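Source file: query13.cif; contents: mmCIF, C-alpha atoms.
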data_target
loop_
_atom_site.label_atom_id
_atom_site.label_comp_id
_atom_site.auth_asym_id
_atom_site.auth_seq_id
_atom_site.Cartn_x
_atom_site.Cartn_y
_atom_site.Cartn_z
CA MET A 1 91.65 -68.93 26.96
CA ALA A 2 89.88 -66.88 24.24
CA ALA A 3 92.78 -64.44 24.10
CA GLY A 4 95.45 -67.13 24.32
CA ASP A 5 96.61 -65.76 27.66
CA GLY A 6 96.35 -69.00 29.66
CA ASN A 7 93.94 -71.78 30.60
CA VAL A 8 93.31 -71.14 34.32
CA GLU A 9 91.55 -68.36 36.17
CA ASP A 10 93.85 -65.53 37.13
CA THR A 11 92.15 -62.29 38.11
CA SER A 12 95.44 -60.45 37.74
CA SER A 13 95.47 -61.15 33.98
CA PRO A 14 94.78 -58.01 31.86
CA PHE A 15 92.28 -60.13 29.91
CA CYS A 16 90.17 -60.85 32.98
CA ALA A 17 88.49 -57.51 32.43
CA HIS A 18 85.28 -56.04 31.01
CA TYR A 19 84.54 -54.83 27.52
CA PRO A 20 84.22 -51.02 27.17
CA GLY A 21 80.58 -50.01 27.34
CA SER A 22 79.67 -52.56 30.00
CA ASP A 23 79.92 -49.93 32.76
CA GLN A 24 81.87 -52.44 34.84
CA GLU A 25 85.43 -52.43 36.18
CA PRO A 26 88.14 -53.05 35.30
CA PRO A 27 87.90 -52.36 31.54
CA LEU A 28 90.10 -53.97 28.91
CA GLY A 29 93.16 -51.97 28.03
CA LEU A 30 93.62 -50.68 24.47
CA ASP A 31 95.99 -53.45 23.40
CA GLU A 32 93.92 -56.14 25.05
CA ARG A 33 90.73 -54.83 23.46
CA ALA A 34 92.35 -54.83 20.02
CA GLN A 35 93.32 -58.49 20.47
CA VAL A 36 89.84 -59.41 21.78
CA ASP A 37 88.25 -57.68 18.78
CA GLU A 38 90.51 -59.51 16.38
CA VAL A 39 89.72 -62.88 17.95
CA GLY A 40 85.97 -62.23 18.10
CA VAL A 41 85.70 -61.00 14.51
CA ALA A 42 87.54 -64.11 13.30
CA LEU A 43 85.56 -66.49 15.51
CA PHE A 44 82.13 -65.23 14.44
CA ASP A 45 83.05 -64.00 10.96
CA PHE A 46 81.80 -60.53 11.88
CA PRO A 47 82.34 -57.66 9.44
CA ASP A 48 83.82 -55.66 12.35
CA ALA A 49 83.89 -55.65 16.13
CA GLY A 50 80.43 -54.15 16.28
CA ILE A 51 78.82 -51.79 18.77
CA PHE A 52 78.50 -52.61 22.46
CA PRO A 53 76.02 -52.39 23.97
CA SER A 54 73.83 -53.05 20.92
CA PRO A 55 71.75 -50.10 19.65
CA GLU A 56 68.16 -49.95 20.81
CA ASP A 57 65.40 -50.89 18.43
CA PHE A 58 63.94 -48.04 16.38
CA GLU A 59 60.50 -49.13 15.24
CA PRO A 60 60.19 -46.98 12.07
CA ALA A 61 63.56 -48.37 10.94
CA ARG A 62 62.41 -51.90 11.71
CA ARG A 63 59.21 -51.47 9.67
CA TRP A 64 61.10 -50.01 6.70
CA TRP A 65 63.91 -52.58 6.81
CA ASP A 66 61.70 -55.64 7.01
CA VAL A 67 59.55 -54.61 4.02
CA LEU A 68 62.70 -54.75 1.84
CA ASP A 69 64.03 -58.03 0.50
CA SER A 70 67.60 -59.12 1.27
CA ASP A 71 69.12 -57.65 -1.91
CA GLN A 72 67.32 -54.34 -1.37
CA ARG A 73 68.59 -54.17 2.22
CA VAL A 74 72.18 -54.56 1.08
CA ALA A 75 71.74 -51.98 -1.68
CA ALA A 76 70.16 -49.48 0.72
CA LEU A 77 73.27 -49.48 2.92
CA TYR A 78 76.14 -50.27 0.57
CA GLY A 79 74.91 -49.98 -3.02
CA ASP A 80 77.47 -51.90 -5.08
CA GLY A 81 80.10 -51.52 -2.35
CA GLY A 82 80.80 -52.95 1.08
CA THR A 83 82.83 -56.01 2.04
CA GLU A 84 81.48 -59.50 1.62
CA GLN A 85 80.96 -59.72 5.39
CA GLN A 86 79.15 -56.36 5.50
CA ARG A 87 76.84 -57.35 2.66
CA THR A 88 76.10 -60.69 4.28
CA ALA A 89 75.30 -59.06 7.62
CA ALA A 90 73.03 -56.49 5.93
CA SER A 91 70.82 -59.12 4.33
CA SER A 92 69.33 -60.15 7.68
CA VAL A 93 65.94 -59.10 9.05
CA TYR A 94 66.01 -56.33 11.62
CA GLU A 95 65.91 -58.40 14.80
CA GLU A 96 68.90 -60.47 13.61
CA LEU A 97 71.06 -57.56 12.51
CA PHE A 98 74.65 -57.31 13.62
CA SER A 99 75.03 -54.33 15.97
CA SER A 100 76.97 -51.98 13.69
CA THR A 101 74.69 -52.82 10.76
CA LYS A 102 71.68 -52.11 12.95
CA ASN A 103 73.17 -48.75 13.86
CA GLU A 104 73.44 -47.83 10.17
CA VAL A 105 69.88 -49.03 9.53
CA ASN A 106 68.60 -46.92 12.44
CA ASP A 107 70.36 -43.84 11.08
CA SER A 108 68.89 -44.35 7.60
CA GLY A 109 65.44 -45.11 9.00
CA ASP A 110 65.55 -41.97 11.10
CA THR A 111 66.40 -39.83 8.07
CA LEU A 112 63.63 -41.45 6.01
CA HIS A 113 61.08 -41.12 8.80
CA GLN A 114 61.84 -37.39 9.19
CA ASP A 115 59.38 -35.92 11.69
CA GLY A 116 56.91 -38.75 11.07
CA ASP A 117 54.21 -36.33 10.01
CA PRO A 118 53.51 -36.64 6.26
CA ARG A 119 49.84 -36.86 5.21
CA SER A 120 50.39 -39.50 2.52
CA VAL A 121 53.03 -41.66 0.89
CA GLY A 122 53.09 -39.20 -2.01
CA GLU A 123 53.79 -36.23 0.25
CA TRP A 124 56.65 -38.14 1.90
CA TRP A 125 58.12 -39.35 -1.41
CA GLU A 126 58.16 -35.86 -2.89
CA SER A 127 60.18 -34.65 0.11
CA LEU A 128 63.09 -37.01 -0.71
CA ASP A 129 65.94 -36.30 -3.10
CA CYS A 130 67.13 -38.90 -5.62
CA GLN A 131 69.66 -40.51 -3.27
CA TRP A 132 67.15 -41.03 -0.48
CA GLN A 133 64.47 -42.22 -2.88
CA ARG A 134 66.87 -44.99 -3.93
CA ILE A 135 67.77 -45.79 -0.30
CA ALA A 136 64.10 -45.91 0.68
CA ALA A 137 63.31 -48.36 -2.12
CA GLY A 138 66.49 -50.40 -1.64
CA ASP A 139 67.65 -49.50 -5.14
CA GLY A 140 71.06 -48.16 -4.14
CA ASN A 141 72.71 -45.63 -1.86
CA ALA A 142 73.93 -42.96 -4.28
CA ASN A 143 72.33 -40.36 -6.52
CA ASP A 144 71.56 -41.73 -10.00
CA PRO A 145 68.99 -39.84 -12.13
CA SER A 146 68.69 -42.85 -14.44
CA SER A 147 67.18 -44.95 -11.65
CA PRO A 148 63.45 -45.65 -12.13
CA PHE A 149 63.00 -44.67 -8.46
CA CYS A 150 64.41 -41.18 -9.04
CA ALA A 151 60.97 -40.14 -10.23
CA HIS A 152 57.90 -38.27 -9.02
CA TYR A 153 54.75 -39.51 -7.36
CA PRO A 154 51.56 -39.40 -9.47
CA GLY A 155 49.63 -36.22 -8.73
CA SER A 156 52.77 -34.12 -8.34
CA GLU A 157 52.35 -32.72 -11.88
CA GLN A 158 56.06 -33.30 -12.46
CA VAL A 159 57.98 -35.71 -14.68
CA PRO A 160 59.27 -38.33 -14.85
CA LEU A 161 56.63 -40.29 -12.92
CA LEU A 162 57.12 -43.54 -11.07
CA GLY A 163 56.19 -46.58 -13.14
CA GLU A 164 53.43 -48.91 -11.98
CA GLU A 165 55.77 -51.46 -10.39
CA GLU A 166 57.90 -48.76 -8.79
CA LEU A 167 54.79 -47.01 -7.43
CA GLU A 168 53.52 -50.24 -5.92
CA HIS A 169 56.85 -50.78 -4.16
CA VAL A 170 57.10 -47.18 -2.95
CA ASP A 171 53.55 -47.42 -1.56
CA SER A 172 54.34 -50.63 0.32
CA VAL A 173 57.49 -49.10 1.81
CA GLY A 174 55.79 -45.83 2.79
CA VAL A 175 52.74 -47.52 4.28
CA GLU A 176 54.91 -49.68 6.54
CA LEU A 177 57.35 -46.93 7.46
CA PHE A 178 54.59 -44.63 8.72
CA GLU A 179 52.01 -47.29 9.67
CA PHE A 180 49.51 -45.74 7.28
CA PRO A 181 46.23 -47.58 6.67
CA GLU A 182 46.82 -47.06 2.93
CA PRO A 183 49.03 -44.89 0.66
CA GLY A 184 46.61 -41.98 1.04
CA VAL A 185 45.48 -39.19 -1.26
CA PHE A 186 48.06 -37.05 -3.03
CA PRO A 187 47.99 -34.10 -3.26
CA THR A 188 46.48 -33.72 0.21
CA PRO A 189 42.84 -32.51 0.11
CA GLU A 190 42.21 -28.81 0.72
CA ASP A 191 41.09 -27.59 4.13
CA VAL A 192 37.36 -26.93 4.45
CA ALA A 193 36.84 -24.46 7.29
CA PHE A 194 33.41 -25.59 8.46
CA VAL A 195 34.48 -29.25 8.31
CA GLY A 196 37.50 -28.45 10.46
CA ARG A 197 35.30 -26.71 13.03
CA TRP A 198 32.88 -29.64 13.19
CA TRP A 199 35.64 -32.27 13.34
CA ASP A 200 37.55 -30.54 16.12
CA ALA A 201 34.34 -30.19 18.15
CA LEU A 202 34.19 -34.00 18.40
CA ALA A 203 36.18 -36.05 20.89
CA ALA A 204 38.68 -38.56 19.51
CA GLU A 205 36.37 -41.59 19.83
CA GLN A 206 33.50 -39.62 18.32
CA ARG A 207 35.63 -38.83 15.26
CA VAL A 208 36.29 -42.52 14.75
CA ALA A 209 32.61 -43.41 15.15
CA ALA A 210 31.54 -40.67 12.73
CA LEU A 211 33.62 -42.21 9.93
CA TYR A 212 33.76 -45.92 10.75
CA GLY A 213 31.14 -46.70 13.39
CA GLU A 214 32.18 -50.05 14.83
CA GLY A 215 34.25 -50.90 11.72
CA GLY A 216 37.50 -49.77 10.19
CA SER A 217 40.94 -51.32 10.58
CA GLU A 218 43.10 -50.66 13.61
CA ARG A 219 45.22 -48.23 11.61
CA GLU A 220 42.17 -46.46 10.11
CA ARG A 221 40.68 -45.95 13.56
CA ALA A 222 44.00 -44.75 15.00
CA VAL A 223 44.55 -42.01 12.39
CA ALA A 224 40.91 -40.88 12.62
CA MET A 225 41.47 -39.71 16.20
CA ASP A 226 43.70 -36.82 15.13
CA ALA A 227 42.71 -33.16 15.02
CA TYR A 228 41.70 -31.87 11.59
CA SER A 229 45.01 -30.13 10.91
CA GLU A 230 46.87 -33.40 11.55
CA LEU A 231 44.64 -35.81 9.64
CA PHE A 232 46.06 -38.40 7.26
CA SER A 233 45.10 -37.43 3.71
CA SER A 234 42.53 -40.14 2.97
CA THR A 235 40.99 -39.68 6.43
CA LYS A 236 40.77 -35.94 5.77
CA GLN A 237 39.01 -36.64 2.49
CA LEU A 238 36.44 -38.80 4.31
CA ALA A 239 35.99 -36.11 6.96
CA ASN A 240 35.51 -33.47 4.24
CA GLU A 241 32.90 -35.58 2.48
CA ALA A 242 31.01 -36.19 5.73
CA GLY A 243 31.16 -32.53 6.78
CA ILE A 244 30.01 -31.28 3.38
CA GLU A 245 27.07 -33.68 3.46
CA LEU A 246 26.18 -32.50 6.96
CA ASN A 247 26.37 -28.83 6.01
CA GLY A 248 24.06 -29.20 3.02
CA ASP A 249 23.58 -25.86 1.29
CA GLY A 250 24.85 -24.07 4.40
CA SER A 251 21.83 -21.78 4.64
CA TRP A 252 20.85 -22.70 8.20
CA ASP A 253 19.59 -19.92 10.45
CA SER A 254 19.72 -22.01 13.63
CA VAL A 255 21.05 -25.28 14.98
CA GLY A 256 17.47 -26.54 15.30
CA THR A 257 16.66 -25.88 11.64
CA TRP A 258 19.86 -27.64 10.60
CA TRP A 259 19.25 -30.60 12.92
CA GLU A 260 15.74 -31.16 11.64
CA SER A 261 17.11 -31.36 8.06
CA LEU A 262 19.19 -34.45 8.92
CA ASP A 263 18.05 -38.06 8.80
CA CYS A 264 18.90 -40.51 11.57
CA ARG A 265 22.19 -41.62 9.98
CA LEU A 266 23.47 -38.08 9.54
CA GLN A 267 22.33 -37.13 13.05
CA ARG A 268 24.57 -39.91 14.38
CA VAL A 269 27.46 -38.91 12.10
CA ALA A 270 27.12 -35.26 13.15
CA THR A 271 27.45 -36.11 16.83
CA GLY A 272 30.02 -38.89 16.48
CA ASP A 273 27.54 -41.49 17.69
CA GLY A 274 27.99 -43.84 14.71
CA ASN A 275 27.77 -43.92 10.94
CA GLU A 276 24.58 -45.92 10.37
CA ALA A 277 20.90 -45.28 11.06
CA ASN A 278 19.78 -46.70 14.39
CA ALA A 279 16.39 -45.59 15.65
CA SER A 280 17.34 -46.57 19.22
CA SER A 281 20.13 -43.98 19.32
CA PRO A 282 19.36 -41.05 21.62
CA TYR A 283 20.54 -38.78 18.80
CA CYS A 284 17.93 -40.05 16.37
CA ALA A 285 15.51 -37.59 17.92
CA HIS A 286 13.96 -34.17 17.25
CA TYR A 287 15.06 -30.74 18.33
CA PRO A 288 12.93 -29.08 21.04
CA GLY A 289 10.38 -26.79 19.43
CA SER A 290 9.86 -29.04 16.41
CA GLY A 291 6.58 -30.35 17.77
CA LEU A 292 7.74 -33.90 17.00
CA GLU A 293 8.65 -36.90 19.13
CA PRO A 294 10.95 -38.24 20.46
CA LEU A 295 12.88 -35.17 21.61
CA LEU A 296 16.59 -34.91 22.28
CA GLY A 297 17.47 -35.30 25.95
CA ASP A 298 19.14 -32.44 27.78
CA ASP A 299 22.66 -33.89 27.46
CA GLU A 300 22.11 -34.82 23.83
CA LYS A 301 20.76 -31.36 22.99
CA GLN A 302 23.79 -29.76 24.63
CA HIS A 303 26.10 -31.85 22.45
CA VAL A 304 24.03 -31.19 19.31
CA ASP A 305 24.24 -27.45 20.02
CA HIS A 306 28.00 -27.77 20.53
CA VAL A 307 28.72 -29.52 17.23
CA GLY A 308 26.04 -27.56 15.35
CA GLN A 309 27.40 -24.19 16.40
CA ALA A 310 30.88 -25.31 15.39
CA LEU A 311 29.74 -26.51 11.97
CA LEU A 312 27.58 -23.46 11.28
CA GLY A 313 30.10 -21.00 12.72
CA ARG A 314 27.63 -19.67 15.30
CA ASP A 315 28.19 -18.34 18.80
CA ASP A 316 24.76 -19.57 19.93
CA PRO A 317 22.18 -22.14 18.77
CA GLY A 318 19.92 -19.46 17.30
CA ILE A 319 16.13 -19.24 17.42
CA TYR A 320 14.10 -22.37 16.79
CA PRO A 321 11.43 -22.76 15.61
CA PRO A 322 11.92 -19.82 13.24
CA PRO A 323 9.63 -16.79 13.74
CA PRO A 324 6.45 -16.65 11.65
CA ASP A 325 6.29 -14.55 8.49
CA LEU A 326 3.96 -11.55 9.05
CA ASP A 327 2.66 -9.85 5.93
CA TYR A 328 2.33 -6.44 7.56
CA ALA A 329 5.89 -6.71 8.97
CA ALA A 330 7.20 -7.57 5.50
CA ARG A 331 5.35 -4.64 3.95
CA TRP A 332 6.63 -2.19 6.56
CA TRP A 333 10.19 -3.52 6.23
CA ALA A 334 10.13 -3.18 2.45
CA GLU A 335 9.27 0.53 2.67
CA LEU A 336 12.32 1.40 4.80
CA THR A 337 15.84 2.03 3.54
CA THR A 338 18.72 0.09 5.05
CA LEU A 339 19.63 3.03 7.26
CA GLN A 340 16.03 3.46 8.41
CA ARG A 341 15.79 -0.22 9.23
CA ALA A 342 18.92 -0.07 11.37
CA ARG A 343 17.70 3.06 13.17
CA ALA A 344 14.29 1.51 13.78
CA LEU A 345 15.83 -1.50 15.49
CA PHE A 346 19.09 -0.24 16.94
CA GLY A 347 19.05 3.56 17.12
CA GLN A 348 20.79 6.30 15.17
CA ASP A 349 24.32 5.19 16.04
CA SER A 350 24.01 1.91 14.18
CA THR A 351 27.18 -0.08 13.53
CA THR A 352 28.37 -1.40 10.20
CA GLU A 353 27.57 -4.93 11.38
CA GLN A 354 24.01 -3.90 12.23
CA LEU A 355 23.59 -2.27 8.83
CA GLU A 356 24.68 -5.52 7.21
CA LEU A 357 22.19 -7.48 9.30
CA VAL A 358 19.21 -5.34 8.24
CA PHE A 359 20.17 -5.05 4.56
CA PRO A 360 18.40 -8.24 3.36
CA ALA A 361 14.72 -8.34 2.46
CA TYR A 362 12.31 -9.53 5.12
CA GLU A 363 12.29 -13.09 3.76
CA GLU A 364 16.09 -13.30 3.93
CA VAL A 365 17.02 -11.72 7.27
CA ILE A 366 18.34 -13.99 10.00
CA ASN A 367 15.89 -15.20 12.62
CA GLU A 368 17.13 -12.84 15.32
CA ILE A 369 16.46 -9.83 13.12
CA GLN A 370 13.09 -11.15 11.98
CA VAL A 371 11.98 -11.49 15.60
CA LEU A 372 12.84 -7.82 16.19
CA VAL A 373 11.10 -6.75 12.97
CA ASN A 374 7.99 -8.75 13.84
CA GLU A 375 7.77 -7.32 17.34
CA ALA A 376 8.35 -3.75 16.16
CA ALA A 377 5.84 -4.09 13.32
CA THR A 378 3.26 -5.71 15.60
CA GLU A 379 3.56 -2.85 18.08
CA ILE A 380 3.11 -0.33 15.27
CA TYR A 381 0.33 -2.28 13.55
CA GLY A 382 -1.85 -2.58 16.61
CA THR A 383 -5.15 -4.36 15.90
CA GLY A 384 -4.95 -3.59 12.21
CA GLU A 385 -8.67 -2.84 12.14
CA TYR A 386 -8.65 0.57 10.48
CA PRO A 387 -10.94 1.65 7.58
CA SER A 388 -8.39 4.00 6.04
CA ILE A 389 -4.84 5.23 6.31
CA GLY A 390 -6.03 8.42 7.92
CA VAL A 391 -8.02 6.66 10.59
CA SER A 392 -5.23 4.20 11.12
CA ALA A 393 -2.63 6.94 11.36
CA GLY A 394 -4.69 9.06 13.69
CA SER A 395 -5.89 6.26 15.89
CA ARG A 396 -2.42 4.81 16.22
CA TRP A 397 -0.37 7.96 16.20
CA GLU A 398 -2.04 10.03 18.91
CA PRO A 399 -1.88 7.55 21.80
CA ALA A 400 1.52 6.20 20.72
CA THR A 401 4.65 6.94 22.70
CA THR A 402 7.42 8.99 21.15
CA THR A 403 9.46 5.78 20.81
CA ILE A 404 6.79 3.99 18.81
CA ARG A 405 6.23 7.03 16.58
CA ARG A 406 9.96 7.24 15.83
CA THR A 407 10.21 3.50 15.24
CA CYS A 408 7.34 3.66 12.77
CA SER A 409 9.03 6.41 10.76
CA ALA A 410 12.50 4.93 11.42
CA PRO A 411 14.79 7.81 12.61
CA THR A 412 14.69 6.64 16.25
CA THR A 413 17.37 7.71 18.71
CA ARG A 414 16.86 4.69 20.90
CA ASP A 415 20.07 2.72 21.16
CA ARG A 416 19.39 -0.99 21.02
CA GLY A 417 23.05 -2.05 21.08
CA SER A 418 23.47 -5.67 20.03
CA ILE A 419 20.83 -7.93 18.58
CA ARG A 420 20.12 -9.38 21.99
CA PHE A 421 18.47 -7.01 24.41
CA SER A 422 15.48 -6.59 26.70
CA ASP A 423 13.99 -3.11 27.05
CA SER A 424 13.30 -2.38 30.72
CA SER A 425 11.19 0.71 30.01
CA ASN A 426 7.39 0.81 29.93
CA GLY A 427 7.49 0.29 26.19
CA PRO A 428 7.41 -3.06 24.38
CA LYS A 429 9.84 -5.84 25.24
CA TRP A 430 11.95 -6.46 22.15
CA THR A 431 14.04 -9.54 22.74
CA ALA A 432 15.59 -11.96 20.32
#

Final structure tokens representation of the file:
Amino acid sequence: MAAGDGNVEDTSSPFCAHYPGSDQEPPLGLDERAQVDEVGVALFDFPDAGIFPSPEDFEPARRWWDVLDSDQRVAALYGDGGTEQQRTAASSVYEELFSSTKNEVNDSGDTLHQDGDPRSVGEWWESLDCQWQRIAAGDGNANDPSSPFCAHYPGSEQVPLLGEEELEHVDSVGVELFEFPEPGVFPTPEDVAFVGRWWDALAAEQRVAALYGEGGSERERAVAMDAYSELFSSTKQLANEAGIELNGDGSWDSVGTWWESLDCRLQRVATGDGNEANASSPYCAHYPGSGLEPLLGDDEKQHVDHVGQALLGRDDPGIYPPPPDLDYAARWWAELTTLQRARALFGQDSTTEQLELVFPAYEEVINEIQVLVNEAATEIYGTGEYPSIGVSAGSRWEPATTTIRRTCSAPTTRDRGSIRFSDSSNGPKWTA
């Protein structure tokens, strides 16, 4: 009946067949399909026969399309062109689009979405040429430098810049296209190495808690789960601010020293336990060796060491509490040259790294070196109860082993290797 071929069922009719794309047999022949298309287009006032089966939904395209108004939708596809039927079909919201119009929208949305990995609306906008800037904004579909949308995003340090109204529209389009929580920061904040190490040491949920605790929008929480190198720009800025606050002046000689410098809120931020002070948190506790209560539990300490080593760029938690300052050790250390210091602790074949470690003054060496200096100086110093240099030298020198004598005067041949060692000889145990 639809094709004007008759008004009773007749399976032998060439019109009692399936439309191409249905994956059913028999299919319409070419002539029959042409007639069916002509009838259907006229019946439904379609712009064309359309695509069968209909294209699948493409969510980025849907989000972009539905943020545009009807006139902007038409302009994005056809500019000032297109037939009346095409322009009418293009004014619909995404879920009501005619199949061939939807296919065009999907293609444009795919091009605009790119790889889906910009860090801000500004970064995305600056990647588009004039034609695609106009398509994105629904201002037209052809290059036109006179368009107010063929302009740069603020922060790009290029001209012309988007006007206030144009910027507002571009932000609304970009936020929806990429499901951003906000337009973001442009240019993208610089990488901060120690922040990146800390952030990537946290699990996804811990990252969210560190910035938002129990708050934050669904989109804010979703983008905060990413690794540092993939963070949305405004999330990265928040992570940088948090990490810089955690790091302080960066002069921490152990995880314990760093941990004890933090208040309860920052202790929770550091470990991804939350972003507000809460005395009941197991992380609002002291590092073992601090002499304070309550202490971190074993599991909590392990996690604190993990994030602290990452933040501080350490391979181990370090020594805590720090070794005591010994006046006689400081005096002895000050009298030795850098080379003598290295030989006294590590032997004559000292490495460049070891020389760098012993270069600072006693008050500035890292804890591991100060422990070695203290132990060496204590062994040399003995009781310290000597009435004169001569008596001290004689009383200490004669019974001393060759090792201790050479350590005292620095040109020792004893090879200590790395900072961490335990001497198994009958001499003193020097361990850091």

**Request:** Quick one: residues within 8 Å of (21.7, -27.4, 19.7) (file frame), counting all atoms listed in the file, please, as a ChimeraX atom specification.
**Result:** /A:255-256,259,287,301-309,317

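Nearest-residue note for Val105 in chain A: choosing from A:Glu214, A:Asp57, A:Glu38, A:Asp117, the minimum distance belongs to A:Asp57, counting all atoms listed in the file.
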
**Message:** So that I can see what lies close to Asp37 in chain A, please list as a list in words the residues with an atom at most 9 Å from it, counting only C-alpha atoms and leaving out residues fewer than 6 positions away in the same chain.
**Reply:**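 Skipping anything fewer than 6 positions along the chain leaves Asp48, Ala49 and Gly50 of chain A.
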
**Request:** Go through A:Ser12, A:Ser100, A:Thr378, A:Thr235 one by one, measure the shortest atom-to-atom distance of each to Val185 in chain A using only C-alpha atoms, and give the residue with the smallest value.
**Result:**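 With only C-alpha atoms as the atom set, the closest residue is A:Thr235.
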
**Request:** Tell me, as a count of residues only, which residues lie within 8 Å of range 122-124 of chain A, counting all atoms listed in the file; anything in the same chain fewer than 6 positions away does not count.
**Result:** 9

**Item:** Picked residues, the PyMOL selection byres ((chain A and resi 108) around 9), expected as a list of chain:residue names
**Value:**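 For this structure, the PyMOL selection byres ((chain A and resi 108) around 9) captures A:Ala61, A:Ala76, A:Leu77, A:Asn103, A:Glu104, A:Val105, A:Asn106, A:Asp107, A:Gly109, A:Asp110, A:Thr111, A:Leu112, A:His113, A:Trp132, A:Ile135, A:Ala136.
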
Which residues, written as a PDB file with C-alpha atoms, keeping the file's coordinate frame, have at least one atom at most 12 Å from Phe15 in chain A, with all atoms listed in the file counted and residues fewer than 3 positions away on the same chain left out?
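Saved the output as selection.pdb:
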ATOM      1  CA  MET A   1      91.650 -68.930  26.960  1.00  0.00           C
ATOM      2  CA  ALA A   2      89.880 -66.880  24.240  1.00  0.00           C
ATOM      3  CA  ALA A   3      92.780 -64.440  24.100  1.00  0.00           C
ATOM      4  CA  GLY A   4      95.450 -67.130  24.320  1.00  0.00           C
ATOM      5  CA  ASP A   5      96.610 -65.760  27.660  1.00  0.00           C
ATOM      6  CA  GLY A   6      96.350 -69.000  29.660  1.00  0.00           C
ATOM      7  CA  ASN A   7      93.940 -71.780  30.600  1.00  0.00           C
ATOM      8  CA  VAL A   8      93.310 -71.140  34.320  1.00  0.00           C
ATOM      9  CA  GLU A   9      91.550 -68.360  36.170  1.00  0.00           C
ATOM     10  CA  ASP A  10      93.850 -65.530  37.130  1.00  0.00           C
ATOM     11  CA  THR A  11      92.150 -62.290  38.110  1.00  0.00           C
ATOM     12  CA  SER A  12      95.440 -60.450  37.740  1.00  0.00           C
ATOM     13  CA  HIS A  18      85.280 -56.040  31.010  1.00  0.00           C
ATOM     14  CA  TYR A  19      84.540 -54.830  27.520  1.00  0.00           C
ATOM     15  CA  PRO A  26      88.140 -53.050  35.300  1.00  0.00           C
ATOM     16  CA  PRO A  27      87.900 -52.360  31.540  1.00  0.00           C
ATOM     17  CA  LEU A  28      90.100 -53.970  28.910  1.00  0.00           C
ATOM     18  CA  GLY A  29      93.160 -51.970  28.030  1.00  0.00           C
ATOM     19  CA  LEU A  30      93.620 -50.680  24.470  1.00  0.00           C
ATOM     20  CA  ASP A  31      95.990 -53.450  23.400  1.00  0.00           C
ATOM     21  CA  GLU A  32      93.920 -56.140  25.050  1.00  0.00           C
ATOM     22  CA  ARG A  33      90.730 -54.830  23.460  1.00  0.00           C
ATOM     23  CA  ALA A  34      92.350 -54.830  20.020  1.00  0.00           C
ATOM     24  CA  GLN A  35      93.320 -58.490  20.470  1.00  0.00           C
ATOM     25  CA  VAL A  36      89.840 -59.410  21.780  1.00  0.00           C
TER      26      VAL A  36
END

**Asked** Interatomic distance between CA of Ala270 in chain A and CA of Leu246 in chain A?
**Response**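 Here the two named atoms are 6.8 Å from each other.
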
**Request:** Taking the file as shown, find all residues satisfying the PyMOL selection byres ((chain A and resi 54) around 9) and write them as a list in words.
**Result:**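 Those residues are Gly50, Ile51, Phe52, Pro53, Pro55, Glu56, Phe98, Ser99, Ser100, Lys102 and Asn103 of chain A.
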
**Request:** Determine, counting only C-alpha atoms, which protein, DNA and RNA residues have an atom within 9 Å of an atom of Leu211 in chain A; residues of the same chain fewer than 6 positions away are not included. Present the result as a PyMOL selection string.
**Result:** chain A and resi 221+224+235+238-239+242+269+272+274-275

Could I see range 205-214 of chain A restored to N, CA and C atoms, set down as a PDB file, in the coordinates of the input?
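Written out: result.pdb:
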ATOM      1  N   GLU A 205      37.185 -40.402  20.113  1.00  0.00           N
ATOM      2  CA  GLU A 205      36.370 -41.590  19.830  1.00  0.00           C
ATOM      3  C   GLU A 205      35.164 -41.247  18.977  1.00  0.00           C
ATOM      4  N   GLN A 206      34.632 -40.043  19.138  1.00  0.00           N
ATOM      5  CA  GLN A 206      33.500 -39.620  18.320  1.00  0.00           C
ATOM      6  C   GLN A 206      33.915 -39.439  16.864  1.00  0.00           C
ATOM      7  N   ARG A 207      35.127 -38.969  16.631  1.00  0.00           N
ATOM      8  CA  ARG A 207      35.630 -38.830  15.260  1.00  0.00           C
ATOM      9  C   ARG A 207      35.694 -40.193  14.579  1.00  0.00           C
ATOM     10  N   VAL A 208      36.196 -41.174  15.311  1.00  0.00           N
ATOM     11  CA  VAL A 208      36.290 -42.520  14.750  1.00  0.00           C
ATOM     12  C   VAL A 208      34.902 -43.052  14.419  1.00  0.00           C
ATOM     13  N   ALA A 209      33.965 -42.888  15.358  1.00  0.00           N
ATOM     14  CA  ALA A 209      32.610 -43.410  15.150  1.00  0.00           C
ATOM     15  C   ALA A 209      31.918 -42.708  13.992  1.00  0.00           C
ATOM     16  N   ALA A 210      32.184 -41.419  13.810  1.00  0.00           N
ATOM     17  CA  ALA A 210      31.540 -40.670  12.730  1.00  0.00           C
ATOM     18  C   ALA A 210      31.919 -41.223  11.361  1.00  0.00           C
ATOM     19  N   LEU A 211      33.157 -41.694  11.222  1.00  0.00           N
ATOM     20  CA  LEU A 211      33.620 -42.210   9.930  1.00  0.00           C
ATOM     21  C   LEU A 211      33.428 -43.715   9.789  1.00  0.00           C
ATOM     22  N   TYR A 212      33.699 -44.470  10.872  1.00  0.00           N
ATOM     23  CA  TYR A 212      33.760 -45.920  10.750  1.00  0.00           C
ATOM     24  C   TYR A 212      32.749 -46.678  11.613  1.00  0.00           C
ATOM     25  N   GLY A 213      32.054 -45.988  12.502  1.00  0.00           N
ATOM     26  CA  GLY A 213      31.140 -46.700  13.390  1.00  0.00           C
ATOM     27  C   GLY A 213      31.898 -47.711  14.208  1.00  0.00           C
ATOM     28  N   GLU A 214      31.485 -48.973  14.117  1.00  0.00           N
ATOM     29  CA  GLU A 214      32.180 -50.050  14.830  1.00  0.00           C
ATOM     30  C   GLU A 214      33.218 -50.717  13.927  1.00  0.00           C
TER      31      GLU A 214
END
